[in-house]
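Listing of upload_19.pdb; format and content: PDB, C-alpha atoms.
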```
ATOM      1  CA  MET A   1     -52.511 -13.131  -1.661
ATOM      2  CA  ALA A   2     -55.532 -10.929  -1.112
ATOM      3  CA  ILE A   3     -58.595 -10.410   1.060
ATOM      4  CA  GLU A   4     -62.089  -9.323   0.056
ATOM      5  CA  VAL A   5     -63.403  -6.270   1.903
ATOM      6  CA  ASN A   6     -66.651  -4.534   0.968
ATOM      7  CA  GLY A   7     -66.420  -5.854  -2.574
ATOM      8  CA  LYS A   8     -62.828  -4.661  -2.971
ATOM      9  CA  THR A   9     -59.816  -6.912  -3.326
ATOM     10  CA  LEU A  10     -56.966  -5.820  -1.051
ATOM     11  CA  GLU A  11     -53.496  -7.220  -1.442
ATOM     12  CA  VAL A  12     -51.797  -8.756   1.602
ATOM     13  CA  ASP A  13     -48.316 -10.245   2.058
ATOM     14  CA  GLU A  14     -47.568 -13.910   2.782
ATOM     15  CA  GLU A  15     -48.167 -13.366   6.508
ATOM     16  CA  GLY A  16     -51.461 -11.584   5.933
ATOM     17  CA  TYR A  17     -50.329  -7.983   6.502
ATOM     18  CA  LEU A  18     -52.010  -5.377   4.326
ATOM     19  CA  ALA A  19     -49.734  -4.340   1.442
ATOM     20  CA  ASP A  20     -50.950  -0.731   1.384
ATOM     21  CA  LEU A  21     -51.944   0.693   4.727
ATOM     22  CA  ASN A  22     -53.880   3.493   3.028
ATOM     23  CA  GLN A  23     -56.425   0.888   1.930
ATOM     24  CA  TRP A  24     -57.317   0.125   5.532
ATOM     25  CA  GLU A  25     -60.860   0.515   6.800
ATOM     26  CA  PRO A  26     -62.401  -0.857  10.008
ATOM     27  CA  GLU A  27     -63.973  -3.702   8.040
ATOM     28  CA  VAL A  28     -60.448  -5.003   7.299
ATOM     29  CA  ALA A  29     -59.896  -5.718  10.991
ATOM     30  CA  THR A  30     -63.296  -7.356  11.344
ATOM     31  CA  ILE A  31     -62.652  -9.675   8.414
ATOM     32  CA  MET A  32     -59.107 -10.584   9.496
ATOM     33  CA  ALA A  33     -60.407 -11.389  12.976
ATOM     34  CA  LYS A  34     -63.162 -13.535  11.559
ATOM     35  CA  GLU A  35     -60.569 -15.518   9.603
ATOM     36  CA  ASP A  36     -58.723 -16.096  12.891
ATOM     37  CA  GLY A  37     -61.985 -17.279  14.402
ATOM     38  CA  SER A  38     -62.573 -14.327  16.716
ATOM     39  CA  GLU A  39     -64.866 -11.347  17.016
ATOM     40  CA  LEU A  40     -63.647  -7.857  17.853
ATOM     41  CA  THR A  41     -64.892  -6.162  21.008
ATOM     42  CA  ASP A  42     -64.529  -2.543  22.146
ATOM     43  CA  ALA A  43     -61.409  -3.646  24.024
ATOM     44  CA  HIS A  44     -59.842  -4.858  20.758
ATOM     45  CA  TRP A  45     -60.792  -1.658  18.977
ATOM     46  CA  GLU A  46     -59.184   0.422  21.697
ATOM     47  CA  VAL A  47     -55.842  -1.237  20.939
ATOM     48  CA  ILE A  48     -56.312  -1.184  17.152
ATOM     49  CA  ASN A  49     -57.163   2.517  17.191
ATOM     50  CA  PHE A  50     -54.242   3.180  19.478
ATOM     51  CA  LEU A  51     -51.915   1.469  16.984
ATOM     52  CA  ARG A  52     -53.335   3.496  14.092
ATOM     53  CA  GLU A  53     -52.616   6.684  16.036
ATOM     54  CA  TYR A  54     -49.138   5.497  17.008
ATOM     55  CA  TYR A  55     -48.305   4.777  13.384
ATOM     56  CA  GLU A  56     -49.695   8.121  12.257
ATOM     57  CA  GLU A  57     -47.407   9.877  14.705
ATOM     58  CA  TYR A  58     -44.205   7.821  14.438
ATOM     59  CA  GLN A  59     -44.472   6.003  11.085
ATOM     60  CA  ILE A  60     -43.627   2.621  12.610
ATOM     61  CA  ALA A  61     -45.430  -0.232  14.302
ATOM     62  CA  PRO A  62     -44.207  -0.415  17.916
ATOM     63  CA  ALA A  63     -42.412  -3.426  19.398
ATOM     64  CA  VAL A  64     -44.550  -5.288  21.924
ATOM     65  CA  ARG A  65     -42.693  -3.927  24.954
ATOM     66  CA  VAL A  66     -43.129  -0.384  23.685
ATOM     67  CA  LEU A  67     -46.792  -0.961  22.869
ATOM     68  CA  THR A  68     -47.464  -2.350  26.339
ATOM     69  CA  LYS A  69     -45.848   0.634  28.024
ATOM     70  CA  ALA A  70     -47.574   3.171  25.782
ATOM     71  CA  ILE A  71     -50.996   1.542  26.286
ATOM     72  CA  GLY A  72     -50.435   1.683  30.030
ATOM     73  CA  LYS A  73     -49.696   5.388  29.812
ATOM     74  CA  LYS A  74     -52.740   6.147  27.722
ATOM     75  CA  LEU A  75     -55.399   3.649  28.844
ATOM     76  CA  GLY A  76     -54.311   2.810  32.372
ATOM     77  CA  LYS A  77     -52.205   0.205  34.150
ATOM     78  CA  ASP A  78     -54.905  -2.504  34.091
ATOM     79  CA  LYS A  79     -54.582  -2.495  30.295
ATOM     80  CA  GLY A  80     -50.876  -1.762  29.955
ATOM     81  CA  ASN A  81     -49.720  -5.244  30.788
ATOM     82  CA  SER A  82     -48.821  -8.262  28.686
ATOM     83  CA  LYS A  83     -51.450 -10.544  30.181
ATOM     84  CA  TYR A  84     -54.332  -8.247  29.234
ATOM     85  CA  LEU A  85     -52.995  -7.722  25.712
ATOM     86  CA  TYR A  86     -52.266 -11.412  25.107
ATOM     87  CA  GLU A  87     -55.790 -12.292  26.207
ATOM     88  CA  LEU A  88     -57.144  -9.924  23.564
ATOM     89  CA  PHE A  89     -54.621 -10.938  20.909
ATOM     90  CA  PRO A  90     -53.422 -14.482  21.600
ATOM     91  CA  TYR A  91     -51.138 -14.570  18.535
ATOM     92  CA  GLY A  92     -49.119 -11.767  20.110
ATOM     93  CA  PRO A  93     -50.394  -8.227  20.687
ATOM     94  CA  ALA A  94     -47.925  -6.456  18.417
ATOM     95  CA  LYS A  95     -48.147  -8.962  15.583
ATOM     96  CA  GLN A  96     -51.860  -9.669  15.542
ATOM     97  CA  ALA A  97     -53.151  -6.223  16.500
ATOM     98  CA  CYS A  98     -50.812  -4.525  13.999
ATOM     99  CA  LYS A  99     -52.102  -6.802  11.294
ATOM    100  CA  TYR A 100     -55.721  -5.970  12.075
ATOM    101  CA  ALA A 101     -54.803  -2.271  12.149
ATOM    102  CA  GLY A 102     -53.322  -2.502   8.656
ATOM    103  CA  LEU A 103     -49.805  -1.717   9.873
ATOM    104  CA  PRO A 104     -46.593  -3.438   8.779
ATOM    105  CA  LYS A 105     -45.108  -6.108  11.014
ATOM    106  CA  PRO A 106     -43.320  -4.434  13.936
ATOM    107  CA  THR A 107     -39.590  -3.946  13.524
ATOM    108  CA  GLY A 108     -37.718  -6.312  15.799
ATOM    109  CA  CYS A 109     -40.544  -8.815  15.718
ATOM    110  CA  VAL A 110     -38.647 -11.927  14.661
TER     111      VAL A 110
ATOM    112  CA  MET B   1     -43.873 -23.881  29.928
ATOM    113  CA  ALA B   2     -44.116 -20.166  30.559
ATOM    114  CA  GLU B   3     -47.145 -18.313  29.272
ATOM    115  CA  PRO B   4     -46.318 -15.894  26.470
ATOM    116  CA  TRP B   5     -46.931 -12.858  28.670
ATOM    117  CA  GLU B   6     -44.417 -14.171  31.186
ATOM    118  CA  ASP B   7     -41.770 -14.226  28.517
ATOM    119  CA  ASP B   8     -41.271 -10.472  28.673
ATOM    120  CA  GLU B   9     -37.928 -10.316  30.348
ATOM    121  CA  LEU B  10     -35.016 -11.007  28.071
ATOM    122  CA  ASP B  11     -32.186 -12.729  29.834
ATOM    123  CA  GLY B  12     -29.434 -12.355  27.237
ATOM    124  CA  PRO B  13     -26.373 -10.180  27.767
ATOM    125  CA  VAL B  14     -26.790  -6.423  27.483
ATOM    126  CA  ARG B  15     -24.075  -4.762  25.452
ATOM    127  CA  LYS B  16     -23.214  -1.143  24.852
ATOM    128  CA  PHE B  17     -23.925  -0.437  21.202
ATOM    129  CA  MET B  18     -23.117   2.832  19.479
ATOM    130  CA  TYR B  19     -24.580   3.647  16.086
ATOM    131  CA  VAL B  20     -22.738   6.398  14.235
ATOM    132  CA  ASN B  21     -24.823   8.058  11.527
ATOM    133  CA  ARG B  22     -22.776  10.045   9.048
ATOM    134  CA  ARG B  23     -24.838  10.267   5.862
ATOM    135  CA  ALA B  24     -27.744  12.297   4.539
ATOM    136  CA  PRO B  25     -31.129  10.692   5.221
ATOM    137  CA  TYR B  26     -32.066  10.060   1.589
ATOM    138  CA  GLY B  27     -30.211   8.999  -1.547
ATOM    139  CA  THR B  28     -28.823   5.901   0.125
ATOM    140  CA  ILE B  29     -30.430   3.320   2.397
ATOM    141  CA  TYR B  30     -27.901   3.791   5.238
ATOM    142  CA  ALA B  31     -29.919   6.133   7.453
ATOM    143  CA  LEU B  32     -33.098   4.076   7.314
ATOM    144  CA  GLU B  33     -31.226   0.795   7.816
ATOM    145  CA  SER B  34     -29.399   2.254  10.795
ATOM    146  CA  LEU B  35     -32.688   3.355  12.341
ATOM    147  CA  GLU B  36     -34.124  -0.129  11.811
ATOM    148  CA  VAL B  37     -31.243  -1.885  13.549
ATOM    149  CA  VAL B  38     -31.368   0.673  16.351
ATOM    150  CA  LEU B  39     -35.038  -0.203  16.901
ATOM    151  CA  ILE B  40     -34.226  -3.906  16.854
ATOM    152  CA  ALA B  41     -31.371  -3.500  19.348
ATOM    153  CA  ALA B  42     -33.680  -1.429  21.542
ATOM    154  CA  ALA B  43     -36.460  -4.020  21.295
ATOM    155  CA  PHE B  44     -33.911  -6.525  22.631
ATOM    156  CA  GLU B  45     -33.182  -4.102  25.474
ATOM    157  CA  GLN B  46     -29.602  -3.372  24.554
ATOM    158  CA  ASP B  47     -27.764  -0.274  25.795
ATOM    159  CA  VAL B  48     -28.020   1.946  22.727
ATOM    160  CA  THR B  49     -26.251   5.219  21.957
ATOM    161  CA  LEU B  50     -26.765   7.190  18.758
ATOM    162  CA  VAL B  51     -24.374   9.679  17.221
ATOM    163  CA  PHE B  52     -25.176  12.027  14.368
ATOM    164  CA  MET B  53     -22.227  13.624  12.625
ATOM    165  CA  ASP B  54     -21.208  14.948   9.198
ATOM    166  CA  ASP B  55     -24.282  14.903   6.899
ATOM    167  CA  GLY B  56     -25.885  12.498   9.388
ATOM    168  CA  VAL B  57     -27.157  15.517  11.335
ATOM    169  CA  TYR B  58     -29.653  16.089   8.516
ATOM    170  CA  GLN B  59     -31.366  12.810   9.471
ATOM    171  CA  ILE B  60     -32.942  14.475  12.484
ATOM    172  CA  LYS B  61     -33.593  17.886  10.934
ATOM    173  CA  LYS B  62     -37.120  19.220  11.360
ATOM    174  CA  GLU B  63     -39.567  19.797   8.498
ATOM    175  CA  GLN B  64     -38.367  17.175   6.066
ATOM    176  CA  ASN B  65     -40.516  16.840   2.984
ATOM    177  CA  THR B  66     -39.912  13.860   0.728
ATOM    178  CA  ASP B  67     -42.903  14.281  -1.622
ATOM    179  CA  ALA B  68     -40.746  15.180  -4.608
ATOM    180  CA  ILE B  69     -38.444  12.155  -4.288
ATOM    181  CA  GLY B  70     -41.214   9.612  -3.723
ATOM    182  CA  VAL B  71     -39.826   7.988  -0.586
ATOM    183  CA  LYS B  72     -41.205   7.831   2.927
ATOM    184  CA  ASN B  73     -40.242  10.603   5.329
ATOM    185  CA  PHE B  74     -39.072   8.536   8.293
ATOM    186  CA  SER B  75     -37.907  11.440  10.450
ATOM    187  CA  PRO B  76     -40.983  11.154  12.771
ATOM    188  CA  THR B  77     -39.673   7.727  13.820
ATOM    189  CA  TYR B  78     -36.723   9.287  15.665
ATOM    190  CA  ARG B  79     -39.267  10.728  18.081
ATOM    191  CA  ALA B  80     -40.392   7.174  18.903
ATOM    192  CA  LEU B  81     -36.917   6.326  20.251
ATOM    193  CA  GLU B  82     -37.748   7.718  23.685
ATOM    194  CA  GLY B  83     -40.526   5.114  24.009
ATOM    195  CA  TYR B  84     -37.899   2.454  23.213
ATOM    196  CA  ASP B  85     -35.763   3.848  26.074
ATOM    197  CA  VAL B  86     -33.172   5.114  23.607
ATOM    198  CA  GLU B  87     -32.297   8.443  25.162
ATOM    199  CA  LYS B  88     -28.566   8.785  24.538
ATOM    200  CA  LEU B  89     -28.503  10.868  21.381
ATOM    201  CA  TYR B  90     -25.392  12.869  20.577
ATOM    202  CA  VAL B  91     -24.651  15.331  17.823
ATOM    203  CA  GLU B  92     -21.127  16.345  16.904
ATOM    204  CA  LYS B  93     -20.760  20.078  17.417
ATOM    205  CA  GLU B  94     -18.744  21.016  14.365
ATOM    206  CA  SER B  95     -21.008  19.021  12.027
ATOM    207  CA  LEU B  96     -24.042  20.869  13.348
ATOM    208  CA  GLU B  97     -22.506  24.339  13.272
ATOM    209  CA  SER B  98     -20.873  24.049   9.873
ATOM    210  CA  ARG B  99     -24.313  23.282   8.415
ATOM    211  CA  GLY B 100     -25.840  26.364  10.001
ATOM    212  CA  LEU B 101     -27.990  24.292  12.359
ATOM    213  CA  THR B 102     -28.751  24.469  16.063
ATOM    214  CA  THR B 103     -30.494  22.002  18.363
ATOM    215  CA  ASP B 104     -33.721  23.990  17.733
ATOM    216  CA  ASP B 105     -33.660  22.641  14.164
ATOM    217  CA  LEU B 106     -33.785  19.011  15.327
ATOM    218  CA  VAL B 107     -36.798  16.729  15.863
ATOM    219  CA  VAL B 108     -35.429  15.174  19.070
ATOM    220  CA  PRO B 109     -33.548  16.438  22.129
ATOM    221  CA  VAL B 110     -29.821  15.742  21.788
ATOM    222  CA  GLN B 111     -26.579  16.445  23.574
ATOM    223  CA  VAL B 112     -24.041  18.356  21.543
ATOM    224  CA  VAL B 113     -20.497  17.069  21.996
ATOM    225  CA  ASN B 114     -17.144  18.001  20.529
ATOM    226  CA  LYS B 115     -14.746  15.546  18.925
ATOM    227  CA  ASP B 116     -12.810  14.858  22.127
ATOM    228  CA  GLN B 117     -15.989  14.080  24.061
ATOM    229  CA  LEU B 118     -17.132  11.856  21.220
ATOM    230  CA  ALA B 119     -13.843   9.953  21.324
ATOM    231  CA  GLU B 120     -14.380   9.370  25.047
ATOM    232  CA  LEU B 121     -17.913   8.092  24.435
ATOM    233  CA  MET B 122     -16.580   5.728  21.795
ATOM    234  CA  GLU B 123     -14.022   4.378  24.259
ATOM    235  CA  GLU B 124     -16.872   3.296  26.554
ATOM    236  CA  GLN B 125     -18.652   1.195  23.917
ATOM    237  CA  GLU B 126     -18.483  -2.539  23.301
ATOM    238  CA  VAL B 127     -19.753  -2.366  19.725
ATOM    239  CA  ILE B 128     -19.589   0.585  17.317
ATOM    240  CA  LEU B 129     -21.434   0.469  14.025
ATOM    241  CA  SER B 130     -20.932   3.183  11.445
ATOM    242  CA  PHE B 131     -23.553   3.965   8.824
TER     243      PHE B 131
END
```
Please re-express this file's structure in structure tokens.
Amino acid sequence: MAIEVNGKTLEVDEEGYLADLNQWEPEVATIMAKEDGSELTDAHWEVINFLREYYEEYQIAPAVRVLTKAIGKKLGKDKGNSKYLYELFPYGPAKQACKYAGLPKPTGCV
Amino acid sequence: MAEPWEDDELDGPVRKFMYVNRRAPYGTIYALESLEVVLIAAAFEQDVTLVFMDDGVYQIKKEQNTDAIGVKNFSPTYRALEGYDVEKLYVEKESLESRGLTTDDLVVPVQVVNKDQLAELMEEQEVILSF
């Protein structure tokens, strides 16, 4: 499977996760969101960028519980809760946001 | 039906798991696989303890560089364990000292224990997995 981004063909796995996270660019997230029928707002980008930074530092995609806690620490309690994150990413904050961010599926996400 | 965000609390039993890491980080898949199952157990809010002994102490050594062997350096991931509430990390004293290492050489804070203390810790566990 593959997606078209800025004239380039990027390989994705059967669940739609980018095969090579080095190929990620912001347009990837925009296109994946469009395929899911949604448009990304600043609030989405805040989480996507947070995930990119988390991966850069720890080399893994965080489990949802860990993501929620870490977002709360960094962006405030009103954002570090499951309800807020599920409203932004209804398919599951860790799964869907990680996908848009070009990260692998979180470990422990079964 | 509960909303997905109300499904946060896991109701299953919490068990005391100990993961004993005894091998060098690269060359075999054991270290990486152990780390993966530790993260999964932690995601399911189990009571997780990690032990590093024998060549396993090299798994958490600072300044790993895997460029020449073409595999991912996963040592930064051990620093994510704190965020997963995995804070019981033990290193066996003799293993550390015989390799000329101190806790300053490690990427995460650990408690150094001798063999007798380790045996006591093992007694307290419900499940012990050796990698």
Enumerate, in order of chain and increasing residue number, the residues of chain B with an atom no farther than 7 Å from chain A, each with its shortest atom pair and distance in Å to one decimal, counting all atoms listed in the file, as CSV.
```
residue,atom,partner,partner_atom,distance
B:Trp5,CA,A:Ser82,CA,5.0
B:Glu36,CA,A:Thr107,CA,6.9
B:Leu39,CA,A:Gly108,CA,6.8
B:Ile40,CA,A:Gly108,CA,4.4
B:Ala43,CA,A:Gly108,CA,6.1
B:Phe74,CA,A:Gln59,CA,6.6
B:Pro76,CA,A:Tyr58,CA,4.9
B:Thr77,CA,A:Tyr58,CA,4.6
B:Arg79,CA,A:Tyr58,CA,6.8
B:Ala80,CA,A:Tyr58,CA,5.9
B:Gly83,CA,A:Val66,CA,6.1
B:Tyr84,CA,A:Val66,CA,6.0
```
Would you mind exporting the chosen residues as a compact mmCIF listing (two decimals), keeping the file's coordinate frame, restricted to C-alpha atoms?
```txt
# COMPACT_ATOMS: atom_id res chain seq x y z
CA TRP B 5 -46.93 -12.86 28.67
CA GLU B 36 -34.12 -0.13 11.81
CA LEU B 39 -35.04 -0.20 16.90
CA ILE B 40 -34.23 -3.91 16.85
CA ALA B 43 -36.46 -4.02 21.30
CA PHE B 74 -39.07 8.54 8.29
CA PRO B 76 -40.98 11.15 12.77
CA THR B 77 -39.67 7.73 13.82
CA ARG B 79 -39.27 10.73 18.08
CA ALA B 80 -40.39 7.17 18.90
CA GLY B 83 -40.53 5.11 24.01
CA TYR B 84 -37.90 2.45 23.21
```
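Reported to one decimal place, the separation of CA of Lys93 in chain B from CA of Asn114 in chain B is 5.2 Å.
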Hey, what comes out of the PyMOL selection byres ((chain A and resi 46) around 12) on this file? Could you write it as number ranges by chain? A: 40-45, 47-53, 71, 74-76, 79-80, 85, 88, 97, 101
Would you list the contacts of range 59-67 of chain B as a count of residues only, taking every protein, DNA or RNA residue within 7 Å and counting all atoms listed in the file, but skipping same-chain residues closer than 4 positions in sequence? 9
Tell me which protein, DNA and RNA residues are within 9 Å of range 14-25 of chain A, counting all atoms listed in the file, leaving out same-chain ones fewer than 6 positions away, and put them as an MDAnalysis selection string. chainID A and resid 1:3 5 32 98:105
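Pairwise distance (CA of Asp85 in chain B, CA of Leu101 in chain B) equals 25.8 Å.
CA of Thr68 in chain A is found 20.0 Å from CA of Ala29 in chain A.
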Find the residues near range 121-129 of chain B: any atom within 12 Å, counting all atoms listed in the file, skip ones fewer than 6 places away on the same chain, and give them as a count of residues only. 31
Each side padded by 6 Å, which centre and which edge lengths in Å (one decimal) define the axis-aligned box around the listed atoms of range 1-5 of chain A? Give them as JSON.
```
{"center_x": -58.0, "center_y": -9.7, "center_z": 0.1, "size_x": 22.9, "size_y": 18.9, "size_z": 15.6}
```
